[in-house]
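K.L.:
Before anything else, here's the structure in question.
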Amino acid sequence: MTIKTPSTQKTADTESKLSDSKATEVENHPFEPVLPANATVMMMGTFPPTADKWAMSFHYPNFYNDMWRIYGGVFFDDADYFRVGDEKRFDPERIRDFMFERGIASCPTVKQAIRETGNASDKNLTVVTPVNLDIILPQVQKVKTLFTTGGKATEVLLGLLDEPIAKSKHPKTNQRMDYPYQWQNDEQTTEVNNLTLYRLPSTSRAYPLSLDKKVAAYKAFFERVGKL
């Protein structure tokens with residue numbers, strides 16, 4: 001997959017994606033990024049499931065996605081820490097408050113996409129418009145580490161770099177690499193931080209890894225970046 005940066009993406013590219021797609025409905029990502037000014041790390045996924053699968057109006061909204069169980073297990077030794085009682089939903093305000101307190105940002109890599117099969121599968125997601133890091137990074141100037149939650153998000157981010165990186169050299173799960181992003185807008189006057197990109201396990205139940213092992217992987221990451 002070839003991803004164009006927002007400043008160079010041409011109308012023709014978008015039209016080509018639309019004409020080549022089995023589906024024609026372009027969806028906007030429904031959730032705004034969470035960008036604490038004190039954030040030093042930023043979580044970057046792709047696209048949420050369709051609204052009928054949401055248990056809340058917040059990032060990773062499907063109750064059966066393990067993201068917030070992992071955060072509960074990592075930081076509080078309790079997979080149900082962010083759960084609302086016995087209900088099948090998590091508490092978005094509690095999650096948001098925690099992220100601001102701990103300095104963890106969350107920003108999707110995809111602003112607009114087409115679901116080729118109508119579900120949340122990254123495999124069948126056509127990226128129409130990727131994230132504009134020229135807009136996001138200045139809002140979280142302390143961020144030095146990006147981490148993705150799967151292969152598609154990693155692929156999208158690496159597609160934003162000036163120098164292409166062969167897919168064979170993309171980081172595998174639980175690996176990291178330098179992320180030499182350069183401003184696409186010549187009007188930017190500050191320098192981009194020396195960024196590092198980590199790829200962590202997908203939190204989808206479809207990913208063949210137990211919850212305990214996912215918690216262990218995320219815990220090792222947060223320890224490495226000084227959040228634990």
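All residue names refer to the structure tokens as shown: chains lettered A, B, ... in order, residues numbered from 1 in each chain, ligands numbered from 1 in order.
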If we count only C-alpha atoms, what is near Thr154 in chain A at a cut-off of 10 Å, once residues fewer than 2 positions away on the same chain are taken out, given as a short mmCIF file (atom, residue, chain, number, x, y, z; two decimals) with N, CA, C and O atoms, in the first residue's frame?
P.N.:
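And here's part_17.cif as it stands now:
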```
data_model
loop_
_atom_site.label_atom_id
_atom_site.label_comp_id
_atom_site.auth_asym_id
_atom_site.auth_seq_id
_atom_site.Cartn_x
_atom_site.Cartn_y
_atom_site.Cartn_z
N MET A 44 -1.17 4.87 18.37
CA MET A 44 -1.71 5.13 17.04
C MET A 44 -2.27 3.85 16.42
O MET A 44 -1.53 2.94 16.06
N GLY A 45 -3.60 3.78 16.35
CA GLY A 45 -4.27 2.65 15.73
C GLY A 45 -4.77 3.03 14.36
O GLY A 45 -4.23 3.92 13.70
N THR A 46 -5.84 2.37 13.91
CA THR A 46 -6.36 2.65 12.57
C THR A 46 -7.78 3.18 12.61
O THR A 46 -8.00 4.38 12.67
N THR A 109 -4.11 6.69 12.95
CA THR A 109 -3.29 6.93 11.76
C THR A 109 -4.15 7.22 10.53
O THR A 109 -3.62 7.66 9.52
N LEU A 146 6.21 6.95 19.38
CA LEU A 146 4.94 6.55 18.81
C LEU A 146 4.83 5.04 18.95
O LEU A 146 5.82 4.33 18.80
N PHE A 147 3.63 4.56 19.23
CA PHE A 147 3.47 3.11 19.21
C PHE A 147 2.17 2.73 18.52
O PHE A 147 1.14 3.36 18.72
N THR A 148 2.29 1.74 17.66
CA THR A 148 1.14 1.28 16.89
C THR A 148 0.58 0.01 17.50
O THR A 148 1.25 -0.69 18.25
N THR A 149 -0.66 -0.26 17.14
CA THR A 149 -1.35 -1.42 17.70
C THR A 149 -1.67 -2.43 16.60
O THR A 149 -2.73 -3.03 16.59
N GLY A 150 -0.72 -2.61 15.70
CA GLY A 150 -0.90 -3.58 14.64
C GLY A 150 -0.14 -3.21 13.38
O GLY A 150 0.48 -2.14 13.29
N GLY A 151 -0.21 -4.10 12.39
CA GLY A 151 0.56 -3.92 11.17
C GLY A 151 0.08 -2.81 10.28
O GLY A 151 0.88 -2.09 9.68
N LYS A 152 -1.24 -2.63 10.16
CA LYS A 152 -1.78 -1.62 9.26
C LYS A 152 -1.39 -0.21 9.70
O LYS A 152 -0.97 0.62 8.89
N VAL A 156 0.84 2.50 7.64
CA VAL A 156 0.39 3.86 7.32
C VAL A 156 1.43 4.89 7.77
O VAL A 156 1.78 5.80 7.02
N LEU A 157 1.91 4.75 8.98
CA LEU A 157 2.90 5.71 9.49
C LEU A 157 4.18 5.69 8.67
O LEU A 157 4.73 6.74 8.33
N LEU A 158 4.65 4.52 8.32
CA LEU A 158 5.88 4.44 7.54
C LEU A 158 5.67 4.99 6.13
O LEU A 158 6.61 5.46 5.49
N GLY A 159 4.44 4.96 5.65
CA GLY A 159 4.13 5.54 4.35
C GLY A 159 4.19 7.05 4.33
O GLY A 159 4.17 7.66 3.27
N HIS A 170 9.97 -3.35 7.92
CA HIS A 170 9.05 -2.82 8.92
C HIS A 170 9.25 -3.57 10.24
O HIS A 170 9.57 -4.76 10.23
N PRO A 171 9.07 -2.89 11.36
CA PRO A 171 9.24 -3.59 12.64
C PRO A 171 8.20 -4.69 12.82
O PRO A 171 7.03 -4.52 12.46
N LYS A 172 8.65 -5.82 13.33
CA LYS A 172 7.73 -6.89 13.68
C LYS A 172 7.11 -6.56 15.03
O LYS A 172 7.50 -5.60 15.71
N LEU A 197 9.56 4.57 16.79
CA LEU A 197 8.30 3.88 16.52
C LEU A 197 8.38 2.45 17.05
O LEU A 197 9.30 1.71 16.71
N TYR A 198 7.43 2.09 17.89
CA TYR A 198 7.29 0.73 18.40
C TYR A 198 6.03 0.12 17.78
O TYR A 198 5.02 0.81 17.60
N ARG A 199 6.11 -1.17 17.51
CA ARG A 199 4.91 -1.90 17.08
C ARG A 199 4.54 -2.89 18.17
O ARG A 199 5.33 -3.77 18.51
N LEU A 200 3.35 -2.72 18.73
CA LEU A 200 2.87 -3.61 19.78
C LEU A 200 1.79 -4.54 19.25
O LEU A 200 1.26 -4.33 18.16
#
```
K.L.:
Can you list, as number ranges by chain, all residues belonging to range 119-179 of chain A that DSSP tags as strand (DSSP E or B)?
P.N.:
A: 125-130, 145-148, 175-179
K.L.:
Which value, in Å to one decimal, gives the distance between CA of Phe31 in chain A and CA of His59 in chain A?
P.N.:
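These two atoms are separated by 6.6 Å.
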K.L.:
Could you pull the residues within 10 Å of range 89-92 of chain A, counting only C-alpha atoms, minus those fewer than 5 positions along the same chain, as an NGL selection string?
P.N.:
:A and (54-64 or 68-69 or 80-84 or 97-98)
K.L.:
Could you find all residues in range 20-228 of chain A that DSSP calls alpha helix (DSSP H) from the backbone, and write them as a PyMOL selection string?
P.N.:
chain A and resi 20+67-76+92-102+133-136+151-158+211-224
K.L.:
Considering only C-alpha atoms, state which residue in the set A:Gln112, A:Ser121, A:Ser210, A:Thr189 is at the smallest distance from Glu25 in chain A.
P.N.:
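Looking at the shortest contact to Glu25 in chain A, the residue is A:Gln112.
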K.L.:
Would you please work out which residue, of A:Glu163, A:Asp66, A:Asp52, A:Asp186, is nearest to Ala79 in chain A when using only C-alpha atoms?
P.N.:
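Nearest candidate to Ala79 in chain A out of A:Glu163, A:Asp66, A:Asp52, A:Asp186: A:Asp66.
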K.L.:
Which residue gives the smallest distance to Gln139 in chain A among A:Arg94, A:Gly85, A:Ala105, A:Ala166, with only C-alpha atoms counted?
P.N.:
A:Ala105
K.L.:
Identify which of the residues A:Glu27, A:Ile165, A:Ala39, A:Ile70 lies closest to Ala51 in chain A, counting only C-alpha atoms when measuring atom-to-atom distances.
P.N.:
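Selected residue with least distance to Ala51 in chain A: A:Glu27.
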K.L.:
Might you pull out every residue within 10 Å of Val192 in chain A, with only C-alpha atoms counted and same-chain residues fewer than 4 positions away left off, and present them as an MDAnalysis selection string?
P.N.:
chainID A and resid 134 137:138 141 143:144 180:183 188
K.L.:
Given the selection you just returned, output its residues as a file containing C-alpha atoms, formatted as a compact mmCIF listing (two decimals), in the first residue's frame.
P.N.:
```
# COMPACT_ATOMS: atom_id res chain seq x y z
CA ASP A 134 2.20 18.31 10.76
CA LEU A 137 2.88 16.68 16.53
CA PRO A 138 2.99 20.43 17.36
CA GLN A 141 5.65 18.63 21.58
CA VAL A 143 6.16 13.14 22.41
CA LYS A 144 9.25 11.20 21.45
CA PRO A 180 12.68 10.09 10.89
CA TYR A 181 9.57 12.13 10.12
CA GLN A 182 10.11 15.44 8.33
CA TRP A 183 7.63 18.31 8.22
CA GLN A 188 7.05 24.81 10.24
```
K.L.:
Smallest atom-to-atom distance to Thr196 in chain A: which of A:Ala217, A:Leu211, A:Val128, A:Met42, using only C-alpha atoms?
P.N.:
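Of the candidates, the smallest distance to Thr196 in chain A is held by A:Met42.
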K.L.:
Point out the residue among A:Gly73, A:Leu161, A:Lys169, A:Gln175 with the least atom-to-atom distance to Lys219 in chain A, counting only C-alpha atoms.
P.N.:
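With only C-alpha atoms as the atom set, the closest residue is A:Gly73.
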K.L.:
Quick check, in Å to one decimal: how far apart do CA of Met99 in chain A and CA of Leu125 in chain A lie?
P.N.:
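Going from CA of Met99 in chain A over to CA of Leu125 in chain A covers 27.5 Å.
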